[in-house]
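Next comes work_6.pdb, a file with PDB, C-alpha atoms.
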```
ATOM      1  CA  THR E  20       2.467  19.025 -35.344  1.00  0.00           C
ATOM      2  CA  ARG E  21       2.498  15.337 -34.856  1.00  0.00           C
ATOM      3  CA  SER E  22       4.249  13.708 -31.890  1.00  0.00           C
ATOM      4  CA  THR E  23       6.102  10.444 -32.217  1.00  0.00           C
ATOM      5  CA  LEU E  24       6.278   7.743 -29.575  1.00  0.00           C
ATOM      6  CA  HIS E  25       9.814   6.453 -29.246  1.00  0.00           C
ATOM      7  CA  THR E  26      10.672   3.366 -27.216  1.00  0.00           C
ATOM      8  CA  THR E  27      14.221   2.309 -26.466  1.00  0.00           C
ATOM      9  CA  VAL E  28      15.105  -1.196 -25.328  1.00  0.00           C
ATOM     10  CA  TYR E  29      18.251  -1.680 -23.258  1.00  0.00           C
ATOM     11  CA  CYS E  30      20.272  -4.828 -22.829  1.00  0.00           C
ATOM     12  CA  CYS E  31      20.652  -4.491 -19.030  1.00  0.00           C
ATOM     13  CA  CYS E  32      24.073  -6.148 -19.150  1.00  0.00           C
ATOM     14  CA  CYS E  33      25.983  -3.114 -17.928  1.00  0.00           C
ATOM     15  CA  SER E  34      25.398  -0.547 -15.221  1.00  0.00           C
ATOM     16  CA  ALA E  35      24.868   2.283 -17.721  1.00  0.00           C
ATOM     17  CA  CYS E  36      21.999   0.436 -19.395  1.00  0.00           C
ATOM     18  CA  ARG E  37      20.476  -0.578 -16.057  1.00  0.00           C
ATOM     19  CA  ALA E  38      20.441   3.034 -14.917  1.00  0.00           C
ATOM     20  CA  ASP E  39      18.476   3.990 -18.044  1.00  0.00           C
ATOM     21  CA  VAL E  40      15.992   1.151 -17.575  1.00  0.00           C
ATOM     22  CA  TYR E  41      15.455   1.955 -13.889  1.00  0.00           C
ATOM     23  CA  SER E  42      14.936   5.628 -14.628  1.00  0.00           C
ATOM     24  CA  GLU E  43      12.040   4.598 -16.896  1.00  0.00           C
ATOM     25  CA  LEU E  44      10.494   2.121 -14.435  1.00  0.00           C
ATOM     26  CA  ARG E  45       7.103   3.266 -13.171  1.00  0.00           C
ATOM     27  CA  VAL E  46       5.614   1.745 -10.015  1.00  0.00           C
ATOM     28  CA  ALA E  47       2.467   3.040  -8.301  1.00  0.00           C
ATOM     29  CA  PHE E  48      -0.675   1.538  -6.821  1.00  0.00           C
ATOM     30  CA  SER E  49      -3.823   2.491  -4.949  1.00  0.00           C
ATOM     31  CA  ALA E  50      -6.432   0.028  -3.783  1.00  0.00           C
ATOM     32  CA  GLY E  51      -9.641   0.222  -1.783  1.00  0.00           C
ATOM     33  CA  LEU E  52     -10.296  -2.354   0.915  1.00  0.00           C
ATOM     34  CA  THR E  53     -13.735  -3.786   0.111  1.00  0.00           C
ATOM     35  CA  ASP E  54     -17.307  -2.999  -0.878  1.00  0.00           C
ATOM     36  CA  SER E  55     -18.616  -5.307   1.880  1.00  0.00           C
ATOM     37  CA  GLY E  56     -18.790  -2.923   4.856  1.00  0.00           C
ATOM     38  CA  SER E  57     -17.164  -3.969   8.124  1.00  0.00           C
ATOM     39  CA  VAL E  58     -13.880  -5.889   8.187  1.00  0.00           C
ATOM     40  CA  GLY E  59     -13.076  -7.530  11.517  1.00  0.00           C
ATOM     41  CA  PRO E  60     -12.828  -7.877  14.373  1.00  0.00           C
ATOM     42  CA  PHE E  61     -10.757 -11.058  14.127  1.00  0.00           C
ATOM     43  CA  ASP E  62      -9.326 -13.268  16.873  1.00  0.00           C
ATOM     44  CA  GLU E  63      -5.778 -12.717  15.624  1.00  0.00           C
ATOM     45  CA  GLU E  64      -3.946 -10.116  13.595  1.00  0.00           C
ATOM     46  CA  THR E  65      -4.890 -10.350   9.920  1.00  0.00           C
ATOM     47  CA  THR E  66      -3.203  -9.150   6.735  1.00  0.00           C
ATOM     48  CA  LEU E  67      -5.598  -6.749   5.049  1.00  0.00           C
ATOM     49  CA  ILE E  68      -6.331  -7.490   1.424  1.00  0.00           C
ATOM     50  CA  PHE E  69      -7.126  -4.287  -0.445  1.00  0.00           C
ATOM     51  CA  SER E  70      -8.848  -5.962  -3.373  1.00  0.00           C
ATOM     52  CA  LYS E  71     -10.376  -2.965  -5.188  1.00  0.00           C
ATOM     53  CA  ILE E  72      -7.603  -1.868  -7.541  1.00  0.00           C
ATOM     54  CA  ILE E  73      -7.783   1.822  -8.389  1.00  0.00           C
ATOM     55  CA  THR E  74      -4.432   1.776 -10.170  1.00  0.00           C
ATOM     56  CA  ASN E  75      -1.564  -0.727 -10.260  1.00  0.00           C
ATOM     57  CA  VAL E  76       1.141   0.574 -12.594  1.00  0.00           C
ATOM     58  CA  GLY E  77       3.967  -1.951 -12.686  1.00  0.00           C
ATOM     59  CA  GLU E  78       1.780  -4.677 -11.111  1.00  0.00           C
ATOM     60  CA  ALA E  79       3.860  -4.680  -7.890  1.00  0.00           C
ATOM     61  CA  TYR E  80       0.785  -4.857  -5.616  1.00  0.00           C
ATOM     62  CA  ASN E  81      -0.798  -8.305  -5.327  1.00  0.00           C
ATOM     63  CA  GLN E  82      -4.521  -7.796  -4.739  1.00  0.00           C
ATOM     64  CA  THR E  83      -5.017 -11.463  -3.860  1.00  0.00           C
ATOM     65  CA  ALA E  84      -2.432 -11.535  -1.055  1.00  0.00           C
ATOM     66  CA  GLY E  85      -2.589  -7.849  -0.056  1.00  0.00           C
ATOM     67  CA  VAL E  86       1.192  -7.493  -0.435  1.00  0.00           C
ATOM     68  CA  PHE E  87       3.352  -5.012  -2.347  1.00  0.00           C
ATOM     69  CA  THR E  88       6.669  -6.466  -3.564  1.00  0.00           C
ATOM     70  CA  ALA E  89       9.404  -4.035  -4.608  1.00  0.00           C
ATOM     71  CA  PRO E  90      10.425  -4.762  -8.207  1.00  0.00           C
ATOM     72  CA  VAL E  91      13.690  -2.765  -7.798  1.00  0.00           C
ATOM     73  CA  SER E  92      15.718  -1.245  -4.984  1.00  0.00           C
ATOM     74  CA  GLY E  93      14.646   2.298  -4.276  1.00  0.00           C
ATOM     75  CA  LEU E  94      12.927   4.803  -2.054  1.00  0.00           C
ATOM     76  CA  TYR E  95       9.193   4.159  -1.911  1.00  0.00           C
ATOM     77  CA  VAL E  96       6.340   6.152  -0.389  1.00  0.00           C
ATOM     78  CA  PHE E  97       3.366   4.381   1.201  1.00  0.00           C
ATOM     79  CA  SER E  98       0.190   5.873   2.607  1.00  0.00           C
ATOM     80  CA  PHE E  99      -3.047   4.547   3.992  1.00  0.00           C
ATOM     81  CA  THR E 100      -6.346   5.738   5.344  1.00  0.00           C
ATOM     82  CA  ALA E 101      -8.628   3.489   7.352  1.00  0.00           C
ATOM     83  CA  ALA E 102     -12.144   4.258   8.548  1.00  0.00           C
ATOM     84  CA  ASP E 103     -14.806   2.878  10.849  1.00  0.00           C
ATOM     85  CA  TYR E 104     -18.182   4.082  12.089  1.00  0.00           C
ATOM     86  CA  LEU E 105     -18.799   2.086  15.288  1.00  0.00           C
ATOM     87  CA  LYS E 106     -17.491   2.872  18.769  1.00  0.00           C
ATOM     88  CA  GLY E 107     -14.216   1.172  19.568  1.00  0.00           C
ATOM     89  CA  TYR E 108     -10.624   0.928  18.427  1.00  0.00           C
ATOM     90  CA  MET E 109      -9.581   0.995  14.836  1.00  0.00           C
ATOM     91  CA  GLY E 110      -6.074   0.995  13.546  1.00  0.00           C
ATOM     92  CA  LEU E 111      -3.499  -0.886  11.574  1.00  0.00           C
ATOM     93  CA  TYR E 112       0.167  -1.688  11.197  1.00  0.00           C
ATOM     94  CA  LEU E 113       2.320  -1.150   8.144  1.00  0.00           C
ATOM     95  CA  TYR E 114       4.897  -3.933   7.831  1.00  0.00           C
ATOM     96  CA  LYS E 115       8.136  -4.196   5.885  1.00  0.00           C
ATOM     97  CA  ASN E 116       9.138  -7.848   5.515  1.00  0.00           C
ATOM     98  CA  ASP E 117       6.928  -8.795   8.489  1.00  0.00           C
ATOM     99  CA  LYS E 118       8.549  -6.149  10.737  1.00  0.00           C
ATOM    100  CA  PRO E 119       6.151  -3.437  12.027  1.00  0.00           C
ATOM    101  CA  ILE E 120       7.220   0.034  10.845  1.00  0.00           C
ATOM    102  CA  VAL E 121       4.197   2.257  11.544  1.00  0.00           C
ATOM    103  CA  PHE E 122       1.133   1.853  13.762  1.00  0.00           C
ATOM    104  CA  SER E 123      -1.834   4.155  13.315  1.00  0.00           C
ATOM    105  CA  LEU E 124      -4.618   4.108  15.899  1.00  0.00           C
ATOM    106  CA  ASP E 125      -7.868   5.880  16.648  1.00  0.00           C
ATOM    107  CA  LEU E 126     -10.429   5.399  19.402  1.00  0.00           C
ATOM    108  CA  ASN E 127     -13.842   6.099  17.943  1.00  0.00           C
ATOM    109  CA  ASP E 128     -15.664   7.150  21.104  1.00  0.00           C
ATOM    110  CA  HIS E 129     -18.592   8.926  19.411  1.00  0.00           C
ATOM    111  CA  GLY E 130     -19.944   6.212  17.128  1.00  0.00           C
ATOM    112  CA  GLY E 131     -19.878   8.228  13.882  1.00  0.00           C
ATOM    113  CA  TYR E 132     -17.441   7.939  11.027  1.00  0.00           C
ATOM    114  CA  ALA E 133     -13.810   8.302  12.058  1.00  0.00           C
ATOM    115  CA  SER E 134     -10.582   7.708  10.196  1.00  0.00           C
ATOM    116  CA  THR E 135      -6.865   7.413  10.706  1.00  0.00           C
ATOM    117  CA  SER E 136      -4.152   8.055   8.128  1.00  0.00           C
ATOM    118  CA  ASN E 137      -0.398   7.792   7.891  1.00  0.00           C
ATOM    119  CA  ALA E 138       2.429   7.864   5.363  1.00  0.00           C
ATOM    120  CA  VAL E 139       6.043   6.751   5.359  1.00  0.00           C
ATOM    121  CA  CYS E 140       9.095   6.691   3.060  1.00  0.00           C
ATOM    122  CA  LEU E 141      10.844   3.324   3.033  1.00  0.00           C
ATOM    123  CA  GLN E 142      14.118   2.288   1.492  1.00  0.00           C
ATOM    124  CA  LEU E 143      13.418  -1.111  -0.049  1.00  0.00           C
ATOM    125  CA  GLU E 144      15.593  -3.692  -1.717  1.00  0.00           C
ATOM    126  CA  GLU E 145      14.308  -5.646  -4.684  1.00  0.00           C
ATOM    127  CA  GLY E 146      11.922  -8.306  -3.355  1.00  0.00           C
ATOM    128  CA  ASP E 147      11.120  -6.553  -0.061  1.00  0.00           C
ATOM    129  CA  ARG E 148       7.447  -6.818   0.878  1.00  0.00           C
ATOM    130  CA  VAL E 149       5.073  -4.253   2.413  1.00  0.00           C
ATOM    131  CA  HIS E 150       1.584  -4.938   3.725  1.00  0.00           C
ATOM    132  CA  LEU E 151      -0.977  -3.673   6.235  1.00  0.00           C
ATOM    133  CA  GLY E 152      -2.147  -5.698   9.211  1.00  0.00           C
ATOM    134  CA  LEU E 153      -5.320  -5.342  11.255  1.00  0.00           C
ATOM    135  CA  PRO E 154      -4.664  -6.084  14.955  1.00  0.00           C
ATOM    136  CA  ALA E 155      -6.810  -8.657  16.753  1.00  0.00           C
ATOM    137  CA  SER E 156     -10.148  -7.250  17.997  1.00  0.00           C
ATOM    138  CA  TYR E 157      -9.885  -4.140  15.754  1.00  0.00           C
ATOM    139  CA  ARG E 158     -12.177  -3.463  12.830  1.00  0.00           C
ATOM    140  CA  LEU E 159     -12.401  -1.200   9.783  1.00  0.00           C
ATOM    141  CA  TYR E 160     -15.086  -0.157   7.359  1.00  0.00           C
ATOM    142  CA  ASP E 161     -15.163   0.353   3.616  1.00  0.00           C
ATOM    143  CA  ASP E 162     -17.723   0.426   0.852  1.00  0.00           C
ATOM    144  CA  SER E 163     -17.983   1.670  -2.718  1.00  0.00           C
ATOM    145  CA  ARG E 164     -16.927   5.164  -1.551  1.00  0.00           C
ATOM    146  CA  ASN E 165     -13.392   3.925  -0.681  1.00  0.00           C
ATOM    147  CA  PHE E 166     -13.079   5.079   2.927  1.00  0.00           C
ATOM    148  CA  SER E 167     -10.116   2.724   3.446  1.00  0.00           C
ATOM    149  CA  VAL E 168      -7.308   2.951   0.869  1.00  0.00           C
ATOM    150  CA  PHE E 169      -3.702   1.696   0.649  1.00  0.00           C
ATOM    151  CA  SER E 170      -1.302   3.386  -1.807  1.00  0.00           C
ATOM    152  CA  GLY E 171       2.379   3.345  -2.681  1.00  0.00           C
ATOM    153  CA  PHE E 172       4.826   4.406  -5.357  1.00  0.00           C
ATOM    154  CA  LEU E 173       8.505   4.350  -6.294  1.00  0.00           C
ATOM    155  CA  LEU E 174       9.952   7.805  -5.633  1.00  0.00           C
ATOM    156  CA  PHE E 175      13.348   7.016  -7.129  1.00  0.00           C
ATOM    157  CA  HIS E 176      15.686   4.109  -7.792  1.00  0.00           C
ATOM    158  CA  LEU E 177      18.710   3.536  -5.534  1.00  0.00           C
TER     159      LEU E 177
END
```
Structure translated into structure tokens:
Amino acid sequence: TRSTLHTTVYCCCCSACRADVYSELRVAFSAGLTDSGSVGPFDEETTLIFSKIITNVGEAYNQTAGVFTAPVSGLYVFSFTAADYLKGYMGLYLYKNDKPIVFSLDLNDHGGYASTSNAVCLQLEEGDRVHLGLPASYRLYDDSRNFSVFSGFLLFHL
């Protein structure tokens, strides 16, 4: 048997058509932080730019600015893992429109590799922005093995 690819285009001028378009919208990204090793510490909080795109379906994550912008209103899921290998504090904030939502922290008191992870569901409106921030005096580590990763996806449209 042979399968056929069928694409339907909707006008988006009525709510019925919009619902069909939104149900087909796919948004998902994952990005590694860097191949350069240590990031930070900085004198002030810094937006982290996860520049190593693993996937970016829908192109909603801007790898130059380090910011995800919601293309439609919906419920989104975000997760992150951050790592370091030196003694000291590591951690980061997840922001929605410059408001801190989640803070994840670890004190690496043994000097080997350590990591911190977190995940959150956020209700976003079209145009809302989500990014990760590294607090002043904190640091992270990443290399080609992708120890530090930021991911998100649209769970469903609202």
Taking a cut-off of 6 Å and counting only C-alpha atoms, can you build a table that, for each residue of stretch 74-93 of chain E near stretch 41-59 of chain E, reports the nearest atom pair and how far apart they are in Å (one decimal), sorted by chain then residue number, as CSV?
```
residue,atom,partner,partner_atom,distance
E:Thr74,CA,E:Phe48,CA,5.0
E:Asn75,CA,E:Phe48,CA,4.2
E:Val76,CA,E:Ala47,CA,5.1
E:Gly77,CA,E:Val46,CA,4.8
```
Compile the contact shell of stretch 152-166 of chain E as a ChimeraX atom specification: residues with an atom at most 10 Å away, counting only C-alpha atoms, same-chain residues fewer than 6 positions apart removed. /E:50-68,71,73,85,100-105,107-114,117,119,122,124,132-134
Can I get the selected residues back with C-alpha atoms, as a tab-separated table (two decimals), keeping the file's coordinate frame?
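The resulting file, result-v3.tsv, is reproduced below:
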```tsv
chain	number	residue	atom	x	y	z
E	50	ALA	CA	-6.43	0.03	-3.78
E	51	GLY	CA	-9.64	0.22	-1.78
E	52	LEU	CA	-10.30	-2.35	0.92
E	53	THR	CA	-13.74	-3.79	0.11
E	54	ASP	CA	-17.31	-3.00	-0.88
E	55	SER	CA	-18.62	-5.31	1.88
E	56	GLY	CA	-18.79	-2.92	4.86
E	57	SER	CA	-17.16	-3.97	8.12
E	58	VAL	CA	-13.88	-5.89	8.19
E	59	GLY	CA	-13.08	-7.53	11.52
E	60	PRO	CA	-12.83	-7.88	14.37
E	61	PHE	CA	-10.76	-11.06	14.13
E	62	ASP	CA	-9.33	-13.27	16.87
E	63	GLU	CA	-5.78	-12.72	15.62
E	64	GLU	CA	-3.95	-10.12	13.60
E	65	THR	CA	-4.89	-10.35	9.92
E	66	THR	CA	-3.20	-9.15	6.74
E	67	LEU	CA	-5.60	-6.75	5.05
E	68	ILE	CA	-6.33	-7.49	1.42
E	71	LYS	CA	-10.38	-2.96	-5.19
E	73	ILE	CA	-7.78	1.82	-8.39
E	85	GLY	CA	-2.59	-7.85	-0.06
E	100	THR	CA	-6.35	5.74	5.34
E	101	ALA	CA	-8.63	3.49	7.35
E	102	ALA	CA	-12.14	4.26	8.55
E	103	ASP	CA	-14.81	2.88	10.85
E	104	TYR	CA	-18.18	4.08	12.09
E	105	LEU	CA	-18.80	2.09	15.29
E	107	GLY	CA	-14.22	1.17	19.57
E	108	TYR	CA	-10.62	0.93	18.43
E	109	MET	CA	-9.58	1.00	14.84
E	110	GLY	CA	-6.07	1.00	13.55
E	111	LEU	CA	-3.50	-0.89	11.57
E	112	TYR	CA	0.17	-1.69	11.20
E	113	LEU	CA	2.32	-1.15	8.14
E	114	TYR	CA	4.90	-3.93	7.83
E	117	ASP	CA	6.93	-8.80	8.49
E	119	PRO	CA	6.15	-3.44	12.03
E	122	PHE	CA	1.13	1.85	13.76
E	124	LEU	CA	-4.62	4.11	15.90
E	132	TYR	CA	-17.44	7.94	11.03
E	133	ALA	CA	-13.81	8.30	12.06
E	134	SER	CA	-10.58	7.71	10.20
```
Å distance separating atom CA of E:His129 from atom CA of E:Phe169, one decimal place: 25.0 Å
Check what the PyMOL selection byres ((chain E and resi 81) around 10) selects in the file above and give those residues as a PyMOL selection string. chain E and resi 48+68-70+72+75+78-80+82-88+150
Hits of the PyMOL selection byres ((chain E and resi 135-142) around 6) in this structure, as a ChimeraX atom specification: /E:93-101,134,143
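One finds atom CA of E:Lys106 at 10.3 Å from atom CA of E:Asp125.
The interatomic distance for the pair atom CA of E:Ser92 and atom CA of E:Leu177 works out to 5.7 Å.
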